[in-house]
>>> print(open('start_26.csv').read())   # CSV, C-alpha atoms and all ligand atoms
chain,number,residue,atom,x,y,z
A,1,MET,CA,143.2,54.9,129.4
A,2,LEU,CA,140.1,52.8,128.7
A,3,VAL,CA,138.8,50.7,131.5
A,4,LEU,CA,136.1,48.1,131.3
A,5,VAL,CA,134.1,48.1,134.5
A,6,ILE,CA,132.3,44.9,135.2
A,7,ASN,CA,129.5,44.2,137.7
A,8,SER,CA,128.9,40.5,137.5
A,9,GLY,CA,125.8,39.1,139.0
A,10,SER,CA,124.7,35.4,139.1
A,11,SER,CA,122.5,35.8,136.0
A,12,SER,CA,123.6,39.2,134.7
A,13,LEU,CA,126.6,41.1,133.6
A,14,LYS,CA,126.6,44.9,133.6
A,15,TYR,CA,129.5,46.7,131.9
A,16,GLN,CA,130.8,50.2,131.1
A,17,VAL,CA,133.8,51.3,129.2
A,18,ARG,CA,135.2,54.4,130.7
A,19,ASP,CA,137.8,56.9,129.5
A,20,VAL,CA,139.5,57.5,132.8
A,21,ALA,CA,141.3,60.8,131.9
A,22,GLN,CA,138.1,62.3,130.4
A,23,GLY,CA,135.8,60.8,133.1
A,24,THR,CA,133.4,59.8,130.3
A,25,VAL,CA,131.4,56.7,129.5
A,26,LEU,CA,132.2,55.4,126.0
A,27,THR,CA,129.7,52.5,126.0
A,28,GLU,CA,127.7,50.5,128.4
A,29,GLY,CA,125.2,47.7,128.6
A,30,LEU,CA,123.6,44.9,130.5
A,31,ILE,CA,123.6,41.2,129.5
A,32,GLU,CA,120.8,39.3,131.3
A,33,LYS,CA,119.4,35.8,131.7
A,34,ILE,CA,122.8,34.2,131.8
A,35,GLY,CA,122.5,30.5,132.3
A,36,MET,CA,118.7,30.5,131.8
A,37,GLY,CA,119.3,29.2,128.3
A,38,ASN,CA,116.3,27.4,126.9
A,39,GLY,CA,114.1,28.5,129.7
A,40,GLY,CA,113.5,31.9,128.1
A,41,GLY,CA,110.7,30.8,125.9
A,42,GLY,CA,108.3,33.8,125.8
A,43,ASP,CA,107.3,35.7,122.7
A,44,GLY,CA,110.3,37.2,120.9
A,45,GLU,CA,112.4,36.6,123.9
A,46,ILE,CA,116.1,36.3,123.2
A,47,GLU,CA,117.7,33.2,124.6
A,48,GLY,CA,120.3,34.2,127.3
A,49,PRO,CA,124.0,33.2,127.0
A,50,ARG,CA,124.8,29.8,128.5
A,51,ASP,CA,127.4,31.1,131.0
A,52,HIS,CA,129.5,34.2,131.9
A,53,ALA,CA,132.1,33.3,129.2
A,54,GLU,CA,129.4,33.5,126.5
A,55,ALA,CA,128.0,36.7,128.0
A,56,LEU,CA,131.5,38.1,127.8
A,57,GLU,CA,131.6,37.3,124.1
A,58,LEU,CA,128.5,39.4,123.7
A,59,VAL,CA,130.1,42.2,125.6
A,60,ASP,CA,133.3,42.0,123.5
A,61,ALA,CA,131.2,42.1,120.3
A,62,ALA,CA,129.2,45.1,121.5
A,63,ILE,CA,132.4,47.0,122.6
A,64,HIS,CA,134.0,46.3,119.2
A,65,ARG,CA,130.9,47.6,117.4
A,66,GLU,CA,131.0,50.8,119.4
A,67,LEU,CA,134.7,51.5,119.8
A,68,GLY,CA,136.3,49.7,116.8
A,69,ASP,CA,140.0,48.9,117.5
A,70,GLN,CA,140.5,51.0,120.6
A,71,GLU,CA,142.3,48.9,123.2
A,72,LEU,CA,141.1,48.3,126.7
A,73,ALA,CA,143.9,48.9,129.2
A,74,ALA,CA,142.4,47.1,132.2
A,75,VAL,CA,139.2,45.6,133.7
A,76,GLY,CA,137.8,46.8,137.1
A,77,HIS,CA,135.5,44.4,138.9
A,78,ARG,CA,132.9,45.5,141.5
A,79,VAL,CA,133.4,42.8,144.2
A,80,VAL,CA,130.8,42.9,147.0
A,81,HIS,CA,132.7,41.3,149.9
A,82,GLY,CA,136.4,41.8,150.7
A,83,GLY,CA,136.0,40.4,154.3
A,84,GLU,CA,138.7,41.5,156.8
A,85,ARG,CA,141.5,41.2,154.3
A,86,PHE,CA,140.9,43.7,151.6
A,87,ALA,CA,141.1,47.4,152.7
A,88,GLU,CA,141.9,48.6,149.2
A,89,PRO,CA,141.5,47.7,145.5
A,90,VAL,CA,143.9,45.0,144.4
A,91,LEU,CA,145.4,43.7,141.2
A,92,ILE,CA,143.9,40.2,140.7
A,93,ASP,CA,145.9,37.0,140.3
A,94,ASN,CA,145.0,33.4,141.0
A,95,GLU,CA,145.6,33.8,144.7
A,96,ILE,CA,143.4,36.9,145.0
A,97,THR,CA,140.6,35.1,143.0
A,98,ARG,CA,140.7,32.2,145.4
A,99,ALA,CA,140.7,34.6,148.4
A,100,ILE,CA,137.5,36.3,147.0
A,101,GLU,CA,136.1,32.8,146.6
A,102,ARG,CA,136.9,31.9,150.2
A,103,LEU,CA,134.6,34.8,151.2
A,104,ASN,CA,131.6,33.2,149.4
A,105,PRO,CA,130.0,32.1,152.7
A,106,LEU,CA,129.8,35.8,153.7
A,107,ALA,CA,128.2,36.9,150.4
A,108,PRO,CA,126.7,33.7,148.9
A,109,LEU,CA,124.7,35.5,146.2
A,110,HIS,CA,127.4,38.0,145.1
A,111,ASN,CA,131.0,36.8,145.5
A,112,PRO,CA,130.5,33.6,143.5
A,113,ALA,CA,129.1,35.7,140.6
A,114,ASN,CA,131.9,38.2,140.9
A,115,VAL,CA,134.4,35.3,140.6
A,116,LEU,CA,132.6,34.0,137.5
A,117,GLY,CA,133.2,37.4,135.9
A,118,ILE,CA,136.9,37.4,136.8
A,119,ARG,CA,137.4,33.9,135.5
A,120,ALA,CA,135.7,34.7,132.2
A,121,ILE,CA,138.0,37.6,131.6
A,122,THR,CA,141.1,35.6,132.6
A,123,LYS,CA,140.1,32.9,130.1
A,124,LYS,CA,139.4,35.3,127.3
A,125,TRP,CA,142.2,37.9,127.9
A,126,PRO,CA,144.9,36.2,130.0
A,127,GLN,CA,147.2,39.2,129.8
A,128,MET,CA,144.6,41.8,130.8
A,129,PRO,CA,145.3,43.5,134.1
A,130,GLN,CA,142.2,43.0,136.3
A,131,VAL,CA,141.5,44.9,139.5
A,132,ALA,CA,139.0,44.0,142.3
A,133,VAL,CA,137.3,47.0,143.9
A,134,PHE,CA,135.5,45.9,147.1
A,135,ASP,CA,132.2,47.3,148.4
A,136,THR,CA,133.4,46.6,152.0
A,137,ALA,CA,136.9,48.0,151.7
A,138,PHE,CA,136.3,51.6,152.7
A,139,HIS,CA,134.8,50.4,156.0
A,140,ARG,CA,137.9,48.5,157.1
A,141,THR,CA,138.8,51.6,159.2
A,142,LEU,CA,135.7,51.1,161.5
A,143,PRO,CA,136.9,50.9,165.1
A,144,GLU,CA,136.2,47.7,167.0
A,145,HIS,CA,133.5,49.3,169.1
A,146,ALA,CA,131.6,50.0,165.9
A,147,TRP,CA,132.1,46.6,164.1
A,148,ARG,CA,131.5,44.2,167.1
A,149,TYR,CA,128.2,42.7,167.8
A,150,ALA,CA,127.6,41.9,171.5
A,151,VAL,CA,127.3,38.2,171.0
A,152,PRO,CA,129.6,35.3,172.2
A,153,ASP,CA,133.1,35.8,170.8
A,154,GLU,CA,133.2,32.5,168.9
A,155,LEU,CA,130.6,33.8,166.5
A,156,TYR,CA,133.2,36.3,165.4
A,157,THR,CA,136.3,34.1,165.6
A,158,ASN,CA,134.7,31.0,164.1
A,159,HIS,CA,132.2,32.4,161.7
A,160,GLY,CA,133.3,35.9,160.9
A,161,ILE,CA,130.1,37.4,162.3
A,162,ARG,CA,130.8,41.1,162.7
A,163,ARG,CA,129.8,44.3,160.9
A,164,TYR,CA,131.4,44.8,157.5
A,165,GLY,CA,129.4,47.6,155.9
A,166,PHE,CA,128.7,48.0,152.1
A,167,HIS,CA,128.4,50.8,149.5
A,168,GLY,CA,132.0,51.7,150.4
A,169,THR,CA,133.0,52.7,146.9
A,170,SER,CA,130.1,55.2,146.7
A,171,HIS,CA,130.6,56.6,150.2
A,172,GLU,CA,134.4,57.1,149.6
A,173,TYR,CA,133.8,58.7,146.2
A,174,VAL,CA,131.0,61.0,147.5
A,175,GLY,CA,133.1,62.0,150.5
A,176,ARG,CA,135.9,63.1,148.3
A,177,ARG,CA,133.6,65.1,146.1
A,178,ALA,CA,131.9,66.7,149.1
A,179,ALA,CA,135.3,67.7,150.5
A,180,ALA,CA,136.2,69.2,147.2
A,181,LEU,CA,132.9,71.2,147.1
A,182,LEU,CA,133.6,72.4,150.7
A,183,ASP,CA,137.1,73.3,149.5
A,184,ILE,CA,138.8,71.3,152.3
A,185,PRO,CA,141.3,68.3,152.0
A,186,VAL,CA,139.5,65.0,152.3
A,187,GLU,CA,141.6,64.3,155.4
A,188,GLU,CA,139.8,67.1,157.1
A,189,PHE,CA,136.3,65.9,156.1
A,190,ASP,CA,134.1,65.0,159.1
A,191,GLY,CA,130.6,64.3,157.9
A,192,VAL,CA,127.6,62.0,157.4
A,193,ILE,CA,126.8,60.6,154.0
A,194,ALA,CA,123.4,59.1,153.3
A,195,HIS,CA,123.5,56.8,150.2
A,196,LEU,CA,119.7,56.4,149.5
A,197,GLY,CA,119.0,54.1,146.6
A,198,ASN,CA,117.0,51.0,146.4
A,199,GLY,CA,119.6,49.8,148.9
A,200,ALA,CA,120.4,52.4,151.4
A,201,SER,CA,123.1,53.1,154.0
A,202,VAL,CA,124.5,56.0,156.0
A,203,THR,CA,128.2,56.4,156.9
A,204,ALA,CA,130.0,58.4,159.5
A,205,ILE,CA,133.2,59.8,158.1
A,206,LYS,CA,135.9,61.3,160.3
A,207,GLY,CA,139.1,62.7,158.8
A,208,GLY,CA,138.1,61.1,155.5
A,209,HIS,CA,137.8,57.6,157.0
A,210,SER,CA,134.7,55.6,157.7
A,211,VAL,CA,134.2,55.2,161.4
A,212,ASP,CA,130.7,53.8,161.3
A,213,THR,CA,128.1,52.6,158.8
A,214,SER,CA,124.6,51.4,159.0
A,215,MET,CA,124.9,48.1,157.0
A,216,GLY,CA,126.4,45.3,159.0
A,217,PHE,CA,127.1,41.6,158.5
A,218,THR,CA,125.0,41.9,155.4
A,219,PRO,CA,123.3,44.8,153.6
A,220,LEU,CA,120.1,44.1,155.5
A,221,GLU,CA,121.0,46.1,158.6
A,222,GLY,CA,120.2,49.8,159.1
A,223,LEU,CA,117.9,52.0,157.1
A,224,VAL,CA,114.4,51.3,155.7
A,225,MET,CA,115.2,50.4,152.1
A,226,GLY,CA,113.2,49.7,148.9
A,227,THR,CA,112.5,46.1,149.8
A,228,ARG,CA,114.7,45.5,152.9
A,229,SER,CA,113.5,46.0,156.5
A,230,GLY,CA,116.7,47.4,158.0
A,231,ASP,CA,117.0,47.2,161.8
A,232,LEU,CA,114.5,45.1,163.8
A,233,ASP,CA,114.4,43.1,166.9
A,234,PRO,CA,116.2,39.7,166.1
A,235,SER,CA,113.7,37.9,168.3
A,236,ILE,CA,111.2,38.4,165.5
A,237,LEU,CA,113.2,35.9,163.5
A,238,VAL,CA,113.2,33.4,166.4
A,239,PHE,CA,109.4,33.9,166.8
A,240,LEU,CA,108.8,33.3,163.1
A,241,GLY,CA,111.1,30.3,163.1
A,242,ARG,CA,109.1,28.8,165.9
A,243,ALA,CA,105.9,29.5,163.9
A,244,GLY,CA,107.3,27.3,161.1
A,245,TRP,CA,108.9,29.8,158.7
A,246,THR,CA,112.0,28.4,157.0
A,247,PRO,CA,115.3,30.4,156.9
A,248,GLU,CA,114.5,31.0,153.2
A,249,ASP,CA,111.0,32.3,154.0
A,250,ILE,CA,112.5,34.7,156.5
A,251,ASP,CA,115.4,35.8,154.2
A,252,SER,CA,113.0,36.5,151.4
A,253,MET,CA,110.5,38.4,153.6
A,254,LEU,CA,113.3,40.6,155.1
A,255,ASN,CA,115.2,41.2,151.8
A,256,ARG,CA,112.5,41.3,149.2
A,257,GLU,CA,109.1,42.0,150.8
A,258,SER,CA,109.9,44.6,153.5
A,259,GLY,CA,111.0,48.2,153.6
A,260,LEU,CA,108.9,50.7,151.5
A,261,LYS,CA,107.4,47.7,149.7
A,262,GLY,CA,106.3,46.1,153.0
A,263,LEU,CA,104.9,49.3,154.5
A,264,ALA,CA,103.5,51.0,151.4
A,265,GLY,CA,103.1,48.2,148.9
A,266,ASN,CA,105.6,49.8,146.5
A,267,ASN,CA,109.4,50.0,146.6
A,268,ASP,CA,109.7,53.0,144.3
A,269,MET,CA,110.2,56.2,146.2
A,270,ARG,CA,108.5,58.3,143.5
A,271,SER,CA,105.3,56.3,143.7
A,272,VAL,CA,105.4,56.3,147.5
A,273,VAL,CA,105.8,60.1,147.6
A,274,GLU,CA,103.0,60.5,145.0
A,275,ALA,CA,100.7,58.2,146.9
A,276,SER,CA,101.4,60.0,150.2
A,277,GLU,CA,100.6,63.4,148.6
A,278,GLY,CA,97.4,61.9,147.3
A,279,GLY,CA,96.3,61.0,150.8
A,280,ASN,CA,97.4,57.4,151.0
A,281,ALA,CA,97.9,56.7,154.8
A,282,ARG,CA,100.2,53.6,154.3
A,283,ALA,CA,102.5,55.6,152.1
A,284,SER,CA,102.7,58.4,154.6
A,285,VAL,CA,103.6,56.0,157.4
A,286,ALA,CA,106.3,54.4,155.2
A,287,LEU,CA,107.9,57.8,154.6
A,288,ALA,CA,107.6,58.7,158.3
A,289,VAL,CA,109.3,55.4,159.4
A,290,ALA,CA,112.0,55.7,156.7
A,291,SER,CA,112.8,59.4,157.4
A,292,TYR,CA,112.7,58.9,161.2
A,293,ARG,CA,115.1,56.0,161.0
A,294,LEU,CA,117.5,57.9,158.9
A,295,ALA,CA,117.3,61.0,161.1
A,296,LYS,CA,118.1,58.8,164.2
A,297,TYR,CA,121.2,57.5,162.4
A,298,ILE,CA,122.3,61.0,161.4
A,299,GLY,CA,122.0,62.2,165.0
A,300,GLY,CA,124.0,59.2,166.2
A,301,TYR,CA,126.7,59.6,163.6
A,302,HIS,CA,126.9,63.3,164.3
A,303,VAL,CA,128.1,62.1,167.8
A,304,ALA,CA,130.3,59.4,166.2
A,305,VAL,CA,132.4,61.9,164.2
A,306,GLY,CA,132.6,64.3,167.1
A,307,GLY,CA,130.4,66.9,165.4
A,308,ALA,CA,129.7,66.5,161.7
A,309,LYS,CA,130.7,69.4,159.4
A,310,ALA,CA,128.4,68.4,156.6
A,311,LEU,CA,125.5,66.2,155.8
A,312,VAL,CA,125.5,64.7,152.3
A,313,PHE,CA,122.7,63.0,150.3
A,314,THR,CA,123.4,60.8,147.3
A,315,ALA,CA,122.0,57.9,145.1
A,316,GLY,CA,118.6,57.7,143.4
A,317,ILE,CA,116.5,59.0,146.3
A,318,GLY,CA,119.2,61.1,147.9
A,319,GLU,CA,119.9,62.9,144.6
A,320,ASN,CA,116.4,63.2,143.3
A,321,SER,CA,113.7,63.2,146.0
A,322,HIS,CA,113.5,66.7,147.5
A,323,GLN,CA,110.4,65.6,149.3
A,324,PHE,CA,112.3,62.8,151.2
A,325,ARG,CA,115.3,65.1,151.9
A,326,ALA,CA,112.9,67.7,153.4
A,327,LEU,CA,111.2,65.0,155.6
A,328,VAL,CA,114.6,64.0,157.0
A,329,ALA,CA,115.8,67.6,157.5
A,330,GLU,CA,112.6,68.5,159.4
A,331,ARG,CA,113.6,65.9,162.0
A,332,LEU,CA,117.1,67.4,162.3
A,333,GLY,CA,116.1,70.7,163.8
A,334,ALA,CA,117.9,69.9,167.1
A,335,LEU,CA,121.1,69.8,165.1
A,336,GLY,CA,120.4,73.3,163.7
A,337,ILE,CA,120.1,71.9,160.2
A,338,GLU,CA,117.9,73.9,157.9
A,339,LEU,CA,117.2,73.4,154.2
A,340,ASP,CA,116.7,76.2,151.7
A,341,ALA,CA,113.4,75.2,150.0
A,342,GLY,CA,114.4,76.8,146.7
A,343,LEU,CA,117.9,75.1,146.6
A,344,ASN,CA,116.4,71.8,147.8
A,345,THR,CA,113.9,71.6,144.9
A,346,GLY,CA,116.5,72.8,142.4
A,347,ARG,CA,117.9,70.3,139.9
A,348,SER,CA,121.5,69.8,138.8
A,349,LYS,CA,123.9,67.0,138.0
A,350,GLU,CA,126.7,68.9,139.8
A,351,PRO,CA,127.4,68.7,143.6
A,352,ARG,CA,125.6,71.5,145.3
A,353,VAL,CA,124.6,73.0,148.7
A,354,ILE,CA,120.9,72.9,149.6
A,355,SER,CA,120.9,74.4,153.1
A,356,THR,CA,120.4,77.9,154.2
A,357,ALA,CA,123.3,80.2,155.1
A,358,SER,CA,122.2,80.0,158.7
A,359,SER,CA,122.1,76.2,158.8
A,360,ALA,CA,124.4,74.9,161.6
A,361,ILE,CA,126.2,72.7,158.9
A,362,PRO,CA,125.9,72.7,155.2
A,363,VAL,CA,123.7,70.0,153.6
A,364,LEU,CA,124.9,68.8,150.2
A,365,VAL,CA,123.6,66.8,147.3
A,366,VAL,CA,126.5,65.0,145.6
A,367,PRO,CA,125.7,62.6,142.7
A,368,THR,CA,127.5,59.2,143.1
A,369,ASP,CA,129.1,57.3,140.2
A,370,GLU,CA,130.3,53.9,141.4
A,371,GLU,CA,131.5,52.9,137.9
A,372,ARG,CA,133.6,56.0,137.7
A,373,ALA,CA,135.1,55.4,141.1
A,374,ILE,CA,135.9,51.8,140.1
A,375,ALA,CA,137.5,52.9,136.8
A,376,GLU,CA,139.6,55.4,138.6
A,377,ALA,CA,140.7,53.0,141.3
A,378,THR,CA,141.5,50.4,138.6
A,379,ALA,CA,143.6,52.8,136.6
A,380,ALA,CA,145.5,53.9,139.8
A,381,VAL,CA,146.3,50.2,140.8
A,382,VAL,CA,147.4,49.4,137.2
A,383,ARG,CA,149.7,52.4,137.1
A,384,GLY,CA,151.1,51.3,140.4
B,401,LIG,P1,119.2,53.7,142.9
B,401,LIG,O1,119.2,52.3,143.6
B,401,LIG,O2,120.3,54.6,143.4
B,401,LIG,O3,119.1,53.6,141.4
B,401,LIG,O4,117.9,54.4,143.4
B,401,LIG,C1,116.6,53.9,143.2
B,401,LIG,C2,115.6,54.7,144.0
B,401,LIG,O5,115.7,56.1,143.6
B,401,LIG,C3,114.1,54.3,143.8
B,401,LIG,O6,113.4,54.3,145.0
B,401,LIG,C4,113.6,55.5,142.9
B,401,LIG,O7,112.2,55.7,143.2
B,401,LIG,C5,114.4,56.6,143.4
B,401,LIG,N1,114.4,57.7,142.4
B,401,LIG,C6,114.9,57.7,141.2
B,401,LIG,N2,114.6,58.9,140.6
B,401,LIG,C7,113.9,59.6,141.4
B,401,LIG,C8,113.2,60.9,141.3
B,401,LIG,N3,113.3,61.6,140.2
B,401,LIG,N4,112.5,61.3,142.3
B,401,LIG,C9,112.4,60.5,143.4
B,401,LIG,N5,112.9,59.3,143.6
B,401,LIG,C10,113.7,58.8,142.6
>>> encode(input="start_26.csv", output="structure tokens")
Amino acid sequence: MLVLVINSGSSSLKYQVRDVAQGTVLTEGLIEKIGMGNGGGGDGEIEGPRDHAEALELVDAAIHRELGDQELAAVGHRVVHGGERFAEPVLIDNEITRAIERLNPLAPLHNPANVLGIRAITKKWPQMPQVAVFDTAFHRTLPEHAWRYAVPDELYTNHGIRRYGFHGTSHEYVGRRAAALLDIPVEEFDGVIAHLGNGASVTAIKGGHSVDTSMGFTPLEGLVMGTRSGDLDPSILVFLGRAGWTPEDIDSMLNRESGLKGLAGNNDMRSVVEASEGGNARASVALAVASYRLAKYIGGYHVAVGGAKALVFTAGIGENSHQFRALVAERLGALGIELDAGLNTGRSKEPRVISTASSAIPVLVVPTDEERAIAEATAAVVRG
């Protein structure tokens, strides 16, 4: 069964065609500068497609070139926000599309773009089954004490202000693979998963279900990320507002100029680690703040799950930066966690254990693959 996985952004369209049974990628690509038309301009720059429908024509042509007449069975869309309604992937129809659109205020950059992708497919291939796979869905099992903010109730009832959590597709997929590596059913998996990419979040999983996660109302809450601040005192925003910053200034500062970039001047973990090893003090502070924040969350989530049975690292930094993993683990001595230096620096694309035999709980590195998870979820929904 071939599934086209679509991640539709406001000006980009990322796609992969997956063979679900084989677990392989048949072709993939990225169409950029959608809607930027004549603005492109620069030397040799290709003009972008006018809209998502035109972008889809390019995708269709590219797929045909690569795969000939092989037929797509379904399309799976990565949808960022599923609000309180969507706890699972769903087959898309007009009502579902409108429901995703009604969530636009909660994810103003992402959901409208996801809907553009869905409508473009509907127009081009009206009979094609389409499935929405939500980034928030896995966290619908959070208990109320974990998703509530301690603010007046009407902020929740009138505006939907609560914690939703993100990266759910990745956390769920990695949790399943970690349980398989530990040779236990996923329903018995109690653990903490640290998804550390340019965006980063950590999730507490109990009995295979998400019971807490570090991202909240938006992906800004929680860990120190590439360019996002993560947690801070909300009064800082009030202070800045009074000092004349506009909401847009504050939003841009917190989402695009903060995190590793704000502290070390660079959002790429490789560069920050290199700079720190070369004696750059700002880079060392950035690593200390980021690893300390994550260690605090892991300690808290160890409590949340009633004693984690595993700690799992995933995504760009989690899978590749043995230096950052070591910094975090050094702070977890109180939990009896101990990495094996040789295993930690080893390299593999397969899930693996990196802790010592005497570590209180195993520490794992499990590569994530959100497109694979979306393709599998799509196939499962379509098969009913
Ligand atoms: P992602 O968003 O999952 O693609 O992760 C991006 C982050 O992973 C960036 O901060 C990269 O610096 C980091 N990363 C990717 N490859 C490596 C590597 N080999 N060593 C250290 N960090 C890496």
>>> residues_around(input="start_26.csv", residues="stretch 69-86 of chain A", least_positions_apart="5", cutoff="6 Å", atoms="only C-alpha atoms", output="ChimeraX atom specification")
/A:2-7,114,128-137,378
>>> residues_around(input="start_26.csv", residues="stretch 269-280 of chain A", least_positions_apart="2", cutoff="10 Å", atoms="all atoms listed in the file", output="MDAnalysis selection string")
chainID A and resid 197:198 225:226 260:261 263:267 282:287 316:317 320:321 323:324
>>> atom_distance(input="start_26.csv", atom1="atom CA of A:Thr203", atom2="atom CA of A:Leu116")
30.0 Å
>>> atom_distance(input="start_26.csv", atom1="atom CA of A:Arg352", atom2="atom CA of A:Phe313")
10.3 Å
>>> closest_residue(input="start_26.csv", among="A:His52, A:Ser229, A:Thr218, A:Val174", to="A:Lys14", atoms="only C-alpha atoms")
A:His52
>>> atom_distance(input="start_26.csv", atom1="atom CA of A:Trp147", atom2="atom CA of A:Gly216")
7.8 Å
>>> closest_residue(input="start_26.csv", among="A:Glu370, A:Asp340, A:Asp19, A:Glu248", to="ligand LIG 401 (chain B)", atoms="all atoms listed in the file")
A:Glu370
>>> closest_residue(input="start_26.csv", among="A:Glu172, A:Asp268, A:Asp369, A:Glu376", to="ligand LIG 401 (chain B)", atoms="all atoms listed in the file")
A:Asp268
>>> closest_residue(input="start_26.csv", among="A:His167, A:Lys309, A:Arg65, A:Arg18", to="ligand LIG 401 (chain B)", atoms="all atoms listed in the file")
A:His167
>>> closest_residue(input="start_26.csv", among="A:Gly168, A:Pro185, A:Pro219, A:Pro126", to="A:Ala373", atoms="all atoms listed in the file")
A:Gly168
>>> closest_residue(input="start_26.csv", among="A:Val365, A:Leu196, A:Val353, A:Asn344", to="ligand LIG 401 (chain B)", atoms="only C-alpha atoms and all ligand atoms")
A:Leu196
>>> axis_aligned_box(input="start_26.csv", around="stretch 217-229 of chain A", padding_each_side="6 Å", output="AutoDock Vina command-line options")
--center_x 119.8 --center_y 46.8 --center_z 154.0 --size_x 26.6 --size_y 22.4 --size_z 22.2
>>> residues_around(input="start_26.csv", residues="A:Phe217", least_positions_apart="6", cutoff="6 Å", atoms="all atoms listed in the file", output="mmCIF file with C-alpha atoms, in the frame of the given file")
data_model
loop_
_atom_site.group_PDB
_atom_site.id
_atom_site.type_symbol
_atom_site.label_atom_id
_atom_site.label_comp_id
_atom_site.auth_asym_id
_atom_site.auth_seq_id
_atom_site.Cartn_x
_atom_site.Cartn_y
_atom_site.Cartn_z
ATOM 1 C CA ARG A 162 130.800 41.100 162.700
ATOM 2 C CA ARG A 163 129.800 44.300 160.900
ATOM 3 C CA TYR A 164 131.400 44.800 157.500
#
>>> decode(input="start_26.csv", residues="stretch 178-195 of chain A", atoms="N, CA and C atoms", output="short mmCIF file (atom, residue, chain, number, x, y, z; two decimals), in the first residue's frame")
data_model
loop_
_atom_site.label_atom_id
_atom_site.label_comp_id
_atom_site.auth_asym_id
_atom_site.auth_seq_id
_atom_site.Cartn_x
_atom_site.Cartn_y
_atom_site.Cartn_z
N ALA A 178 10.33 1.75 21.78
CA ALA A 178 11.09 1.54 23.02
C ALA A 178 10.54 0.32 23.75
N ALA A 179 9.21 0.19 23.80
CA ALA A 179 8.60 -0.97 24.46
C ALA A 179 9.04 -2.25 23.75
N ALA A 180 9.08 -2.19 22.41
CA ALA A 180 9.50 -3.38 21.65
C ALA A 180 10.95 -3.73 21.98
N LEU A 181 11.81 -2.72 22.08
CA LEU A 181 13.22 -2.98 22.39
C LEU A 181 13.36 -3.59 23.79
N LEU A 182 12.50 -3.13 24.71
CA LEU A 182 12.55 -3.64 26.09
C LEU A 182 11.80 -4.98 26.21
N ASP A 183 11.15 -5.36 25.08
CA ASP A 183 10.42 -6.62 25.05
C ASP A 183 9.26 -6.64 26.04
N ILE A 184 8.54 -5.52 26.12
CA ILE A 184 7.32 -5.49 26.93
C ILE A 184 6.18 -4.95 26.08
N PRO A 185 4.92 -5.31 26.40
CA PRO A 185 3.80 -4.73 25.66
C PRO A 185 3.76 -3.22 25.93
N VAL A 186 3.35 -2.44 24.92
CA VAL A 186 3.36 -0.98 25.08
C VAL A 186 2.45 -0.56 26.25
N GLU A 187 1.43 -1.36 26.54
CA GLU A 187 0.52 -1.04 27.66
C GLU A 187 1.23 -1.11 29.00
N GLU A 188 2.41 -1.70 29.01
CA GLU A 188 3.16 -1.78 30.27
C GLU A 188 4.35 -0.83 30.28
N PHE A 189 4.40 0.04 29.28
CA PHE A 189 5.55 0.95 29.18
C PHE A 189 5.33 2.20 30.03
N ASP A 190 6.11 2.35 31.08
CA ASP A 190 6.13 3.58 31.88
C ASP A 190 7.50 4.21 31.65
N GLY A 191 7.54 5.37 31.03
CA GLY A 191 8.86 5.94 30.75
C GLY A 191 8.79 7.41 30.41
N VAL A 192 9.95 7.97 30.18
CA VAL A 192 10.08 9.39 29.82
C VAL A 192 10.77 9.46 28.46
N ILE A 193 10.14 10.20 27.53
CA ILE A 193 10.70 10.31 26.19
C ILE A 193 11.10 11.77 25.93
N ALA A 194 12.36 11.97 25.58
CA ALA A 194 12.85 13.32 25.27
C ALA A 194 13.04 13.42 23.75
N HIS A 195 12.12 14.14 23.11
CA HIS A 195 12.23 14.42 21.66
C HIS A 195 12.99 15.74 21.54
#
